[in-house]
Each structure stands twice: as structure tokens, then as C-alpha cells.
>>> print(open('coords.cif').read())   # mmCIF, C-alpha atoms
data_input
#
loop_
_atom_site.group_PDB
_atom_site.id
_atom_site.type_symbol
_atom_site.label_atom_id
_atom_site.label_comp_id
_atom_site.auth_asym_id
_atom_site.auth_seq_id
_atom_site.Cartn_x
_atom_site.Cartn_y
_atom_site.Cartn_z
ATOM 1 C CA MET A 1104 -9.164 -13.104 -14.410
ATOM 2 C CA LEU A 1105 -7.548 -10.190 -12.626
ATOM 3 C CA PRO A 1106 -7.604 -7.040 -14.780
ATOM 4 C CA HIS A 1107 -4.329 -5.299 -13.871
ATOM 5 C CA ALA A 1108 -0.714 -6.330 -14.357
ATOM 6 C CA VAL A 1109 1.743 -6.062 -11.490
ATOM 7 C CA PRO A 1110 3.599 -2.741 -11.812
ATOM 8 C CA PRO A 1111 7.121 -2.715 -13.275
ATOM 9 C CA CYS A 1112 8.381 -0.540 -10.374
ATOM 10 C CA ALA A 1113 10.211 -2.739 -7.837
ATOM 11 C CA ASN A 1114 9.231 -0.367 -5.014
ATOM 12 C CA ALA A 1115 5.548 -0.645 -5.899
ATOM 13 C CA ARG A 1116 5.908 -4.442 -6.012
ATOM 14 C CA LEU A 1117 7.445 -4.393 -2.520
ATOM 15 C CA ALA A 1118 4.536 -2.287 -1.231
ATOM 16 C CA LEU A 1119 2.064 -4.619 -2.976
ATOM 17 C CA PHE A 1120 3.675 -7.707 -1.440
ATOM 18 C CA ALA A 1121 3.567 -6.170 2.025
ATOM 19 C CA MET A 1122 -0.074 -5.110 1.571
ATOM 20 C CA ARG A 1123 -1.068 -8.574 0.368
ATOM 21 C CA ARG A 1124 0.704 -10.402 3.180
ATOM 22 C CA MET A 1125 -0.511 -8.049 5.917
ATOM 23 C CA GLY A 1126 -4.026 -8.027 4.460
ATOM 24 C CA ALA A 1127 -4.228 -11.811 4.362
ATOM 25 C CA ARG A 1128 -2.095 -12.880 7.331
ATOM 26 C CA GLY A 1129 -2.119 -9.939 9.721
ATOM 27 C CA LEU A 1130 -0.005 -6.910 10.483
ATOM 28 C CA SER A 1131 2.849 -8.858 12.055
ATOM 29 C CA ASP A 1132 3.294 -11.286 9.140
ATOM 30 C CA ALA A 1133 6.888 -12.568 9.120
ATOM 31 C CA PRO A 1134 7.371 -12.749 5.316
ATOM 32 C CA ALA A 1135 6.123 -9.154 4.962
ATOM 33 C CA THR A 1136 8.548 -8.053 7.667
ATOM 34 C CA HIS A 1137 11.374 -9.985 6.007
ATOM 35 C CA ALA A 1138 10.612 -8.373 2.640
ATOM 36 C CA MET A 1139 10.768 -4.913 4.213
ATOM 37 C CA ILE A 1140 14.041 -5.751 5.975
ATOM 38 C CA THR A 1141 15.496 -7.060 2.718
ATOM 39 C CA GLY A 1142 14.225 -4.068 0.751
ATOM 40 C CA PHE A 1143 15.259 -1.323 3.154
ATOM 41 C CA GLY A 1144 18.183 -2.795 5.076
ATOM 42 C CA GLU A 1145 18.886 -1.191 8.429
ATOM 43 C CA SER A 1146 16.327 1.570 7.845
ATOM 44 C CA PHE A 1147 13.383 -0.855 7.568
ATOM 45 C CA ARG A 1148 11.563 0.135 10.771
ATOM 46 C CA ARG A 1149 9.899 3.357 9.629
ATOM 47 C CA PRO A 1150 8.448 1.988 6.357
ATOM 48 C CA LEU A 1151 7.364 -1.221 8.103
ATOM 49 C CA VAL A 1152 5.613 0.504 10.998
ATOM 50 C CA LEU A 1153 3.934 3.001 8.677
ATOM 51 C CA MET A 1154 2.786 0.232 6.312
ATOM 52 C CA ARG A 1155 1.276 -1.566 9.300
ATOM 53 C CA ALA A 1156 -0.490 1.632 10.384
ATOM 54 C CA PHE A 1157 -1.767 2.211 6.846
ATOM 55 C CA MET A 1158 -3.150 -1.325 6.641
ATOM 56 C CA ALA A 1159 -4.792 -0.983 10.061
ATOM 57 C CA ASP A 1160 -6.354 2.329 8.996
ATOM 58 C CA LEU A 1161 -7.635 0.748 5.773
ATOM 59 C CA ALA A 1162 -9.191 -2.152 7.654
ATOM 60 C CA SER A 1163 -10.873 0.020 10.253
ATOM 61 C CA ALA A 1164 -12.183 2.643 7.819
ATOM 62 C CA ALA A 1165 -13.399 0.417 4.978
ATOM 63 C CA GLN A 1166 -17.158 0.222 4.630
ATOM 64 C CA CYS A 1167 -16.897 -2.628 2.123
ATOM 65 C CA PRO A 1168 -14.486 -5.506 1.505
ATOM 66 C CA ILE A 1169 -11.157 -4.741 -0.198
ATOM 67 C CA SER A 1170 -10.180 -7.628 -2.449
ATOM 68 C CA ILE A 1171 -6.568 -8.777 -2.541
ATOM 69 C CA ALA A 1172 -4.917 -11.456 -4.632
ATOM 70 C CA PRO A 1173 -2.515 -14.093 -3.317
ATOM 71 C CA CYS A 1174 0.981 -12.715 -2.816
ATOM 72 C CA CYS A 1175 2.484 -14.805 -5.623
ATOM 73 C CA CYS A 1176 -0.079 -13.693 -8.226
ATOM 74 C CA GLY A 1177 1.292 -11.860 -11.267
ATOM 75 C CA ARG A 1178 -1.852 -9.751 -11.678
ATOM 76 C CA MET A 1179 -3.677 -7.298 -9.397
ATOM 77 C CA THR A 1180 -7.250 -6.791 -8.317
ATOM 78 C CA PRO A 1181 -8.871 -3.412 -9.035
ATOM 79 C CA ALA A 1182 -8.573 -2.543 -5.317
ATOM 80 C CA GLU A 1183 -4.840 -3.273 -5.292
ATOM 81 C CA SER A 1184 -4.356 -1.150 -8.395
ATOM 82 C CA ILE A 1185 -6.205 1.722 -6.725
ATOM 83 C CA LEU A 1186 -4.117 1.404 -3.548
ATOM 84 C CA LEU A 1187 -0.854 1.550 -5.495
ATOM 85 C CA THR A 1188 -2.155 4.504 -7.508
ATOM 86 C CA VAL A 1189 -3.034 6.263 -4.260
ATOM 87 C CA LEU A 1190 0.458 5.616 -2.876
ATOM 88 C CA ALA A 1191 2.035 6.901 -6.097
ATOM 89 C CA ARG A 1192 -0.081 10.068 -6.181
ATOM 90 C CA THR A 1193 -0.322 11.192 -2.561
ATOM 91 C CA GLU A 1194 2.339 13.859 -3.027
ATOM 92 C CA THR A 1195 1.865 14.785 -6.699
ATOM 93 C CA ALA A 1196 -1.948 14.659 -6.965
ATOM 94 C CA PRO A 1197 -3.438 14.514 -3.449
ATOM 95 C CA GLU A 1198 -6.964 15.404 -4.598
ATOM 96 C CA THR A 1199 -7.006 12.474 -7.012
ATOM 97 C CA ALA A 1200 -5.558 10.171 -4.366
ATOM 98 C CA HIS A 1201 -8.241 11.274 -1.888
ATOM 99 C CA LEU A 1202 -11.079 10.670 -4.361
ATOM 100 C CA LEU A 1203 -9.773 7.218 -5.302
ATOM 101 C CA LEU A 1204 -9.292 6.237 -1.665
ATOM 102 C CA ALA A 1205 -12.684 7.559 -0.562
ATOM 103 C CA ASP A 1206 -14.359 5.669 -3.404
ATOM 104 C CA LEU A 1207 -12.512 2.446 -2.548
ATOM 105 C CA LEU A 1208 -13.381 2.696 1.146
ATOM 106 C CA GLY A 1209 -16.981 3.786 0.604
ATOM 107 C CA LEU A 1210 -16.470 7.032 2.544
ATOM 108 C CA ARG A 1211 -16.984 10.697 1.821
ATOM 109 C CA HIS A 1212 -13.888 11.778 3.694
ATOM 110 C CA ALA A 1213 -10.834 9.552 3.873
ATOM 111 C CA ASP A 1214 -8.411 12.148 5.218
ATOM 112 C CA GLY A 1215 -7.004 9.966 8.010
ATOM 113 C CA VAL A 1216 -6.305 7.032 5.729
ATOM 114 C CA LEU A 1217 -4.844 9.392 3.128
ATOM 115 C CA ALA A 1218 -2.489 10.764 5.788
ATOM 116 C CA SER A 1219 -1.326 7.198 6.502
ATOM 117 C CA ALA A 1220 -0.819 6.585 2.787
ATOM 118 C CA THR A 1221 1.197 9.792 2.504
ATOM 119 C CA ALA A 1222 3.383 8.737 5.428
ATOM 120 C CA VAL A 1223 4.096 5.393 3.731
ATOM 121 C CA THR A 1224 4.933 7.128 0.463
ATOM 122 C CA GLN A 1225 7.287 9.544 2.206
ATOM 123 C CA ALA A 1226 8.981 6.741 4.134
ATOM 124 C CA PHE A 1227 9.633 4.843 0.901
ATOM 125 C CA ALA A 1228 10.900 7.992 -0.843
ATOM 126 C CA ASP A 1229 13.110 9.019 2.083
ATOM 127 C CA ALA A 1230 14.747 5.604 1.959
ATOM 128 C CA GLY A 1231 15.462 6.026 -1.744
ATOM 129 C CA ARG A 1232 12.607 3.756 -2.899
ATOM 130 C CA PRO A 1233 9.910 6.036 -4.376
ATOM 131 C CA ILE A 1234 6.689 4.282 -5.391
ATOM 132 C CA ALA A 1235 5.618 4.675 -9.026
ATOM 133 C CA ALA A 1236 2.435 3.066 -10.304
#
>>> encode(input="coords.cif", output="C-alpha cells")
Amino acid sequence: MLPHAVPPCANARLALFAMRRMGARGLSDAPATHAMITGFGESFRRPLVLMRAFMADLASAAQCPISIAPCCCGRMTPAESILLTVLARTETAPETAHLLLADLLGLRHADGVLASATAVTQAFADAGRPIAA
């Protein structure tokens, strides 16, 4: 059984869907792209490209596997919960976000991946879709 419920925030659910699809099917997954287009309208490019960069950074920096659930699942893995918490806290509590991300990735310093996470968070917020976990 997966321990965490999907967040009530629609923006966090959009980010979760994109992370799940890109994590399972690759960075150029069509349903993930469609969800970002639907969610952001004409200004979808920046959040989409930054989400792809964030996922690529996660994959290249991780020292251990990051578990993800199927995209239709109504619950989250601990790793997914941590990733959404990181996205929600990059601007308000960056030290906490860094510690959570470093612990998830198995690194001492996760500054580059945290910068990618911050860029995603800012892109969502700039488009009027702030992520709340």
C-alpha cells in the first residue's frame, strides 16, 4: 500500500502526473506534454521544458532508485511525496528542500537539482499555478 494521498492542490497533481509520465515513459512523453498544454495553455513551453530538465537532473544525479507509482494511482510513493514537498518549499524553505532532495538522491550536495526544482516552481507560479503540497 502506498503511504501518501495525492495532494488536493490541482497544480501539484499536474506536476505529479508529469513526473510520473516522464519518469516511466521518457522526457518526451506525449500525455505529459498534453497535460502541460492543457494546464498552461499557450504558455506551456517554459514549465514543460523546465520539468523535463528537472527530471533529467533527477535521473542523472540519483545514487539510488526513485520509486514512482502508475500515473492513474490515487496514492503516492514516499519519493513522490518528497519531490512534491521539495517543489512546494524551494522558495519558502530552501534549506529544508535541499535536505529532503539530498536525502532522496543519496547525495551530500544537491544544489544543481535544487536549482532545477526552483525553476520548475517559479515557472508554475509565474503562470498562475503555484504548487502547494
>>> resolve_selection(input="coords.cif", expression="the PyMOL selection byres ((chain A and resi 1169-1178) around 9)", output="ChimeraX atom specification")
/A:1104-1110,1119-1124,1126-1127,1161-1162,1165,1167-1168,1179-1183,1207-1208
>>> residues_around(input="coords.cif", residues="segment 1136-1143 of chain A", least_positions_apart="3", cutoff="10 Å", atoms="all atoms listed in the file", output="number ranges by chain")
A: 1113-1114, 1117-1118, 1120-1121, 1124-1125, 1130-1133, 1146-1152, 1154-1155, 1227, 1230-1232
>>> closest_atom_pairs(input="coords.cif", of="segment 1137-1182 of chain A", to="segment 1213-1218 of chain A", cutoff="8 Å", atoms="all atoms listed in the file", output="tab-separated table")
residue	atom	partner	partner_atom	distance
A:Phe1157	CA	A:Val1216	CA	6.7
A:Asp1160	CA	A:Val1216	CA	5.7
A:Leu1161	CA	A:Val1216	CA	6.4
A:Ala1164	CA	A:Val1216	CA	7.6
>>> atom_distance(input="coords.cif", atom1="atom CA of Leu1153 of chain A", atom2="atom CA of Ala1222 of chain A")
6.6 Å
>>> atom_distance(input="coords.cif", atom1="atom CA of Ala1115 of chain A", atom2="atom CA of Ser1219 of chain A")
16.2 Å
>>> atom_distance(input="coords.cif", atom1="atom CA of Asp1229 of chain A", atom2="atom CA of Leu1186 of chain A")
19.7 Å
>>> resolve_selection(input="coords.cif", expression="the PyMOL selection byres ((chain A and resi 1193) around 10)", output="VMD selection string")
chain A and resid 1188 to 1192 1194 to 1201 1217 to 1225
>>> write_last_selection(input="coords.cif", atoms="C-alpha atoms", output="PDB file, keeping the file's coordinate frame")
ATOM      1  CA  THR A1188      -2.155   4.504  -7.508  1.00  0.00           C
ATOM      2  CA  VAL A1189      -3.034   6.263  -4.260  1.00  0.00           C
ATOM      3  CA  LEU A1190       0.458   5.616  -2.876  1.00  0.00           C
ATOM      4  CA  ALA A1191       2.035   6.901  -6.097  1.00  0.00           C
ATOM      5  CA  ARG A1192      -0.081  10.068  -6.181  1.00  0.00           C
ATOM      6  CA  GLU A1194       2.339  13.859  -3.027  1.00  0.00           C
ATOM      7  CA  THR A1195       1.865  14.785  -6.699  1.00  0.00           C
ATOM      8  CA  ALA A1196      -1.948  14.659  -6.965  1.00  0.00           C
ATOM      9  CA  PRO A1197      -3.438  14.514  -3.449  1.00  0.00           C
ATOM     10  CA  GLU A1198      -6.964  15.404  -4.598  1.00  0.00           C
ATOM     11  CA  THR A1199      -7.006  12.474  -7.012  1.00  0.00           C
ATOM     12  CA  ALA A1200      -5.558  10.171  -4.366  1.00  0.00           C
ATOM     13  CA  HIS A1201      -8.241  11.274  -1.888  1.00  0.00           C
ATOM     14  CA  LEU A1217      -4.844   9.392   3.128  1.00  0.00           C
ATOM     15  CA  ALA A1218      -2.489  10.764   5.788  1.00  0.00           C
ATOM     16  CA  SER A1219      -1.326   7.198   6.502  1.00  0.00           C
ATOM     17  CA  ALA A1220      -0.819   6.585   2.787  1.00  0.00           C
ATOM     18  CA  THR A1221       1.197   9.792   2.504  1.00  0.00           C
ATOM     19  CA  ALA A1222       3.383   8.737   5.428  1.00  0.00           C
ATOM     20  CA  VAL A1223       4.096   5.393   3.731  1.00  0.00           C
ATOM     21  CA  THR A1224       4.933   7.128   0.463  1.00  0.00           C
ATOM     22  CA  GLN A1225       7.287   9.544   2.206  1.00  0.00           C
TER      23      GLN A1225
END
